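A.B. asks: Dropping the structure in here first, questions after.
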Amino acid sequence: MALVETKISSLFINGEWAEADSGQTESVLNPANLETISEVAYGGESEANRAIQAAKEAFPEWSEMSPRKRSRILYKAHQLIYDNIDRLAEILTTEQGKPLKEARGEIKSAASFLLWYAEEANRVYGEWIPSSQNQKRILVVPQPVGVVGAITPWNFPSSMITRKIGPALAAGCTVVLKPAPETPLSAIELVKLFEEAGLPKGVLNLVTGDAEAIGQAMLKSKDVRLITFTGSTEVGKYLMRESAEHVKKVSLELGGHAPIIVFEDAELDVAAKLTLASKYRNAGQTCICANRVYVHESVQEKFSQKLMEHVEALSVGDGLDPSTDVGPLINKQALQKVDDHLNDAITRGAEVIHGGSKWDGGMKGYFYTPTVVKNVTNDMAVMNEETFGPLLPLQTFADEEEAIAEANNTDYGLAAYIFSENLDRSLRVMEKLEYGIVGVNDVFPATAEAPFGGIKQSGVGKEGGHHGIHEFVEQKYVSIGMNK
Ligand SMILES: NC(=O)C1=CN([C@@H]2O[C@H](COP(=O)(O)OP(=O)(O)OC[C@H]3O[C@@H](n4cnc5c(N)ncnc54)[C@H](OP(=O)(O)O)[C@@H]3O)[C@@H](O)[C@H]2O)C=CC1
Ligand SMILES: O=C(O)CCCC(=O)O
């Protein structure tokens, strides 16, 4: 049996699967071999408007349903994801490229957000505030914000969806979801599982197609009360600006430029292995992955040697091959960006110490060899712009103050990492890093129970943890006068 149908009616509006009004479709490619996997509907503004209307109509019943009942549906969807994990992982790898072992990890992570928010649904507590006046009572009543517009990227095509719709549905919101055009198949599979789990019609709607038109429908509608987005800072800024018109809430997970700081007292072998894991996971297409590494000058030689030992062992190839560690990049532009950053660095004096070219293992896809460069300087693009690919620049530093200043020298503020065995230093540096997330001897901070999110131009709001559900909740203040 084929993994997916060759043509899919991918619009899910008010509980019905449909094609685009125009009949137009869009191809989904496998980035490892550039073959077409399937054709999905290319919807636009009118389909998005119908989805918004369906979500609006479904809102009263869904938001008034007891949290326990909503929770059961989320829990069922979580179970269904596990029942289908092999198939979901294979679909994810086929459309996105990441190695199957990482895809399985992502599917588990996607499920974990549903489990976490199935539990959190029951814990959206209000408050009773002691009043300063005897004749008054003060209550704070949490209520769902309403219809949510969710726009998701291709780098984590399953977990970025559940990280948004898990808390939204748990809080009592209804949703219109627009996934990335590169990876709609994972979104379609998730929505089917929610359907199977018994989600009432209209509560979750899916519109694939023209991003600008679908985005405009969400932005223009007064009924969409919140836009939740993961993607580039550029598009995030646009959505934030446009949301001002109707004063919508926004929750934005945007780009990053994560520094890794390796102090002289670090466990160097662990630091080297984890630096590579951070950089080359998902072929470097992770918003929290290392973009630049600062190594104390006294351990630079030793650290580079260890990096070289481990980077040699990484195998590039088709993600479906179980021995693959680094799969293809998502598309031609992504491949070009890595090459541009590398050429810019070389022109400005960097030295390639590993890799340095596209990978040609006999496959047509968008592969790049894991690359490490040293002698980098701050004027290089790789030190300032998000590379989103397998290119790792190494720079040295002389003392703690310099490391902190360099790490903070960016408009981004998503994730930063420290390697040190000295707890005092780790805490001191952590406090000074201007980032929403800091990993100390850890490069995998994303987990359902913790608040993930950036500061500065990396975004606003948190996803995950008990914090994540509050993005989807308004606090209504009730002042009660007691006249008798
Ligand atoms: N924070 C993160 O996790 C991510 C960061 N990025 C960064 O962004 C760079 C570019 O990647 P790219 O995929 O182009 O990122 P985008 O920000 O363009 O895309 C992310 C999502 O937003 C949608 N989108 C784009 N423009 C609009 C719009 N005007 N209205 C509504 N939705 C819109 C996209 O759809 P469509 O593609 O159809 O336009 C996609 O679903 C990467 O190299 C990386 O640096 C990218 C992805 C994730
Ligand atoms: O790139 C992101 O936006 C999220 C990273 C998710 C993860 O590490 O599982």
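Following the order of the structure tokens, chains are lettered A, B, ..., residues in each are numbered from 1, and ligands are numbered from 1.
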Sort by chain and increasing residue number a table of all residues of chain A within 6 Å of ligand 1, each with its closest pair of atoms and their distance in Å to one decimal, counting only C-alpha atoms and all ligand atoms, and write it as JSON lines.
C.D. replies:
{"residue": "A:Ile151", "atom": "CA", "partner": "ligand 1", "partner_atom_place_in_ligand_line": "41 (O)", "distance": 5.4}
{"residue": "A:Thr152", "atom": "CA", "partner": "ligand 1", "partner_atom_place_in_ligand_line": "41 (O)", "distance": 4.8}
{"residue": "A:Pro153", "atom": "CA", "partner": "ligand 1", "partner_atom_place_in_ligand_line": "20 (C)", "distance": 4.4}
{"residue": "A:Asn155", "atom": "CA", "partner": "ligand 1", "partner_atom_place_in_ligand_line": "48 (C)", "distance": 5.7}
{"residue": "A:Pro179", "atom": "CA", "partner": "ligand 1", "partner_atom_place_in_ligand_line": "41 (O)", "distance": 5.0}
{"residue": "A:Ala180", "atom": "CA", "partner": "ligand 1", "partner_atom_place_in_ligand_line": "41 (O)", "distance": 3.4}
{"residue": "A:Pro181", "atom": "CA", "partner": "ligand 1", "partner_atom_place_in_ligand_line": "38 (O)", "distance": 5.1}
{"residue": "A:Asp210", "atom": "CA", "partner": "ligand 1", "partner_atom_place_in_ligand_line": "38 (O)", "distance": 6.0}
{"residue": "A:Ala211", "atom": "CA", "partner": "ligand 1", "partner_atom_place_in_ligand_line": "38 (O)", "distance": 4.4}
{"residue": "A:Glu212", "atom": "CA", "partner": "ligand 1", "partner_atom_place_in_ligand_line": "29 (N)", "distance": 4.2}
{"residue": "A:Gly215", "atom": "CA", "partner": "ligand 1", "partner_atom_place_in_ligand_line": "31 (C)", "distance": 3.8}
{"residue": "A:Thr230", "atom": "CA", "partner": "ligand 1", "partner_atom_place_in_ligand_line": "1 (N)", "distance": 5.2}
{"residue": "A:Gly231", "atom": "CA", "partner": "ligand 1", "partner_atom_place_in_ligand_line": "4 (C)", "distance": 3.7}
{"residue": "A:Ser232", "atom": "CA", "partner": "ligand 1", "partner_atom_place_in_ligand_line": "8 (O)", "distance": 3.6}
{"residue": "A:Val235", "atom": "CA", "partner": "ligand 1", "partner_atom_place_in_ligand_line": "17 (O)", "distance": 4.9}
{"residue": "A:Glu253", "atom": "CA", "partner": "ligand 1", "partner_atom_place_in_ligand_line": "1 (N)", "distance": 5.5}
{"residue": "A:Leu254", "atom": "CA", "partner": "ligand 1", "partner_atom_place_in_ligand_line": "1 (N)", "distance": 4.0}
{"residue": "A:Gly255", "atom": "CA", "partner": "ligand 1", "partner_atom_place_in_ligand_line": "1 (N)", "distance": 4.2}
{"residue": "A:Thr286", "atom": "CA", "partner": "ligand 1", "partner_atom_place_in_ligand_line": "3 (O)", "distance": 5.8}
{"residue": "A:Cys287", "atom": "CA", "partner": "ligand 1", "partner_atom_place_in_ligand_line": "3 (O)", "distance": 4.4}
{"residue": "A:Glu386", "atom": "CA", "partner": "ligand 1", "partner_atom_place_in_ligand_line": "45 (O)", "distance": 5.0}
{"residue": "A:Phe388", "atom": "CA", "partner": "ligand 1", "partner_atom_place_in_ligand_line": "43 (O)", "distance": 5.2}
A.B. asks: With only C-alpha atoms as the counted atoms, please give the residues lying no more than 9 Å from Gly149 in chain A, apart from itself and same-chain residues fewer than 5 positions off, as a ChimeraX atom specification.
C.D. replies: /A:52,174-178,215,218-219,224-229
A.B. asks: Could you write out the selected residues, including C-alpha atoms, as a PDB file, in the first residue's frame?
C.D. replies:
ATOM      1  CA  ILE A  52     -12.820  30.757  10.199  1.00  0.00           C
ATOM      2  CA  THR A 174     -11.142  26.535  18.095  1.00  0.00           C
ATOM      3  CA  VAL A 175      -8.473  26.583  15.398  1.00  0.00           C
ATOM      4  CA  VAL A 176      -7.732  27.265  11.737  1.00  0.00           C
ATOM      5  CA  LEU A 177      -4.382  25.681  10.889  1.00  0.00           C
ATOM      6  CA  LYS A 178      -2.165  26.548   7.928  1.00  0.00           C
ATOM      7  CA  GLY A 215      -2.790  34.757   6.290  1.00  0.00           C
ATOM      8  CA  MET A 218      -6.871  35.383   9.345  1.00  0.00           C
ATOM      9  CA  LEU A 219      -5.573  38.924   9.798  1.00  0.00           C
ATOM     10  CA  VAL A 224      -9.649  35.418  14.762  1.00  0.00           C
ATOM     11  CA  ARG A 225      -8.505  36.646  18.162  1.00  0.00           C
ATOM     12  CA  LEU A 226      -4.997  35.211  18.229  1.00  0.00           C
ATOM     13  CA  ILE A 227      -2.321  34.414  15.670  1.00  0.00           C
ATOM     14  CA  THR A 228       0.173  31.787  16.745  1.00  0.00           C
ATOM     15  CA  PHE A 229       3.133  31.446  14.398  1.00  0.00           C
TER      16      PHE A 229
END
A.B. asks: At a cut-off of 9 Å, using only C-alpha atoms, what residues contact range 340-343 of chain A? Leave out same-chain residues fewer than 5 positions from it and give the result as a list in words.
C.D. replies: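 With the cut-off at 9 Å, the set is Leu335, Arg348, Ala350, Val352, Gly356, Ser357, Thr371, Val373, Met380, Ala381, Val382, Glu385, Thr387 and Leu391 of chain A.
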A.B. asks: Produce a file of the selected residues containing N, CA and C atoms, as a tab-separated table (two decimals), in the first residue's frame.
C.D. replies:
chain	number	residue	atom	x	y	z
A	335	LEU	N	19.66	25.22	0.64
A	335	LEU	CA	20.99	24.74	0.25
A	335	LEU	C	21.88	25.92	-0.17
A	348	ARG	N	36.13	36.13	3.56
A	348	ARG	CA	36.57	37.04	4.62
A	348	ARG	C	37.64	36.42	5.53
A	350	ALA	N	37.93	32.88	6.65
A	350	ALA	CA	37.72	31.66	7.45
A	350	ALA	C	38.41	30.47	6.80
A	352	VAL	N	38.25	26.32	6.27
A	352	VAL	CA	37.39	25.13	6.38
A	352	VAL	C	38.21	24.01	7.00
A	356	GLY	N	32.60	21.39	3.56
A	356	GLY	CA	32.80	22.59	2.75
A	356	GLY	C	32.18	22.50	1.37
A	357	SER	N	31.28	21.54	1.15
A	357	SER	CA	30.67	21.49	-0.18
A	357	SER	C	29.34	20.74	-0.12
A	371	THR	N	29.81	20.78	7.88
A	371	THR	CA	30.98	21.65	7.64
A	371	THR	C	31.36	22.40	8.91
A	373	VAL	N	34.12	25.50	10.22
A	373	VAL	CA	35.12	26.50	9.82
A	373	VAL	C	35.69	27.18	11.07
A	380	MET	N	31.27	38.30	9.32
A	380	MET	CA	30.80	37.25	8.41
A	380	MET	C	29.29	37.00	8.62
A	381	ALA	N	28.59	36.71	7.50
A	381	ALA	CA	27.14	36.49	7.56
A	381	ALA	C	26.79	35.38	8.54
A	382	VAL	N	27.61	34.33	8.55
A	382	VAL	CA	27.31	33.18	9.42
A	382	VAL	C	27.27	33.58	10.90
A	385	GLU	N	23.57	36.09	10.70
A	385	GLU	CA	22.28	35.64	10.17
A	385	GLU	C	22.07	34.17	10.48
A	387	THR	N	21.76	30.61	9.78
A	387	THR	CA	22.18	29.81	8.61
A	387	THR	C	21.16	28.75	8.26
A	391	LEU	N	26.41	24.18	8.93
A	391	LEU	CA	27.66	24.93	8.90
A	391	LEU	C	27.97	25.44	10.30
A.B. asks: Just the residues within 10 Å of Met383 in chain A, please, counting only C-alpha atoms, with nothing from its chain fewer than 4 positions along; format it as a PyMOL selection string.
C.D. replies: chain A and resi 257-259+291-293+341+345+376-379+387+392-395+409-410
A.B. asks: Report the distance between CA of Val207 in chain A and CA of Asn33 in chain A in Å, rounded to one decimal place.
C.D. replies: 26.7 Å
A.B. asks: Nearest to Ser186 in chain A: which of A:Arg87, A:Lys462, A:His296, A:Lys7 is it, counting only C-alpha atoms?
C.D. replies: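 Under the stated criterion, the closest residue is A:Arg87.
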A.B. asks: Counting only C-alpha atoms and all ligand atoms, which of A:Thr396, A:Ser9, A:Ser159, A:Thr36 gets nearest to ligand 2?
C.D. replies: A:Ser159
A.B. asks: Quick one: everything within 9 Å of Val191 in chain A, counting only C-alpha atoms, minus sequence neighbours fewer than 3 positions away in the same chain. Send it as a ChimeraX atom specification.
C.D. replies: /A:12,186-188,194-196,204-206
A.B. asks: Which residues are near range 21-25 of chain A? Cut-off 6 Å, only C-alpha atoms, ignore same chain within fewer than 2 positions. Put them as a PDB file with N, CA and C atoms, in the first residue's frame.
C.D. replies:
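To be explicit, this is the file written out as around26.pdb:
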ATOM      1  N   GLU A  39      -0.080  15.278  -4.287  1.00  0.00           N
ATOM      2  CA  GLU A  39      -0.600  16.607  -4.644  1.00  0.00           C
ATOM      3  C   GLU A  39      -1.619  16.972  -3.574  1.00  0.00           C
ATOM      4  N   VAL A  40      -1.530  18.186  -3.032  1.00  0.00           N
ATOM      5  CA  VAL A  40      -2.532  18.605  -2.041  1.00  0.00           C
ATOM      6  C   VAL A  40      -3.247  19.863  -2.529  1.00  0.00           C
ATOM      7  N   ALA A  41      -4.388  20.139  -1.917  1.00  0.00           N
ATOM      8  CA  ALA A  41      -5.220  21.269  -2.358  1.00  0.00           C
ATOM      9  C   ALA A  41      -4.503  22.602  -2.133  1.00  0.00           C
ATOM     10  N   TYR A  42      -4.639  23.506  -3.093  1.00  0.00           N
ATOM     11  CA  TYR A  42      -4.063  24.840  -2.965  1.00  0.00           C
ATOM     12  C   TYR A  42      -5.213  25.817  -2.694  1.00  0.00           C
TER      13      TYR A  42
END
A.B. asks: Give me the residues near Trp62 in chain A as a PyMOL selection string, where near means some atom within 9 Å (using only C-alpha atoms) and where sequence neighbours in that chain fewer than 2 positions away do not count.
C.D. replies: chain A and resi 58-60+64-66+70+169+172-174+200+203
A.B. asks: For Gly317 in chain A, which of A:Pro31, A:Leu190, A:Gly481, A:Met240 is the closest residue, counting only C-alpha atoms?
C.D. replies: A:Pro31
A.B. asks: If you run DSSP on the backbone, which residues of range 251-474 of chain A are strand (DSSP E or B), as a PyMOL selection string?
C.D. replies: chain A and resi 251-253+258-262+290-296+316+326+351-354+358+368+371-374+391-397+415-419+437-440+452+459-460+463+473-474
A.B. asks: Please, what distance in Å, to one decimal, runs between CA of Glu431 in chain A and CA of Cys289 in chain A?
C.D. replies: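 That distance, rounded to one decimal, is 20.2 Å.
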A.B. asks: Taking only C-alpha atoms into account, which of A:Val473, A:Ile404, A:Ala111, A:Ile330 comes nearest Val148 in chain A?
C.D. replies: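 Of all the options, A:Val473 lies closest to Val148 in chain A.
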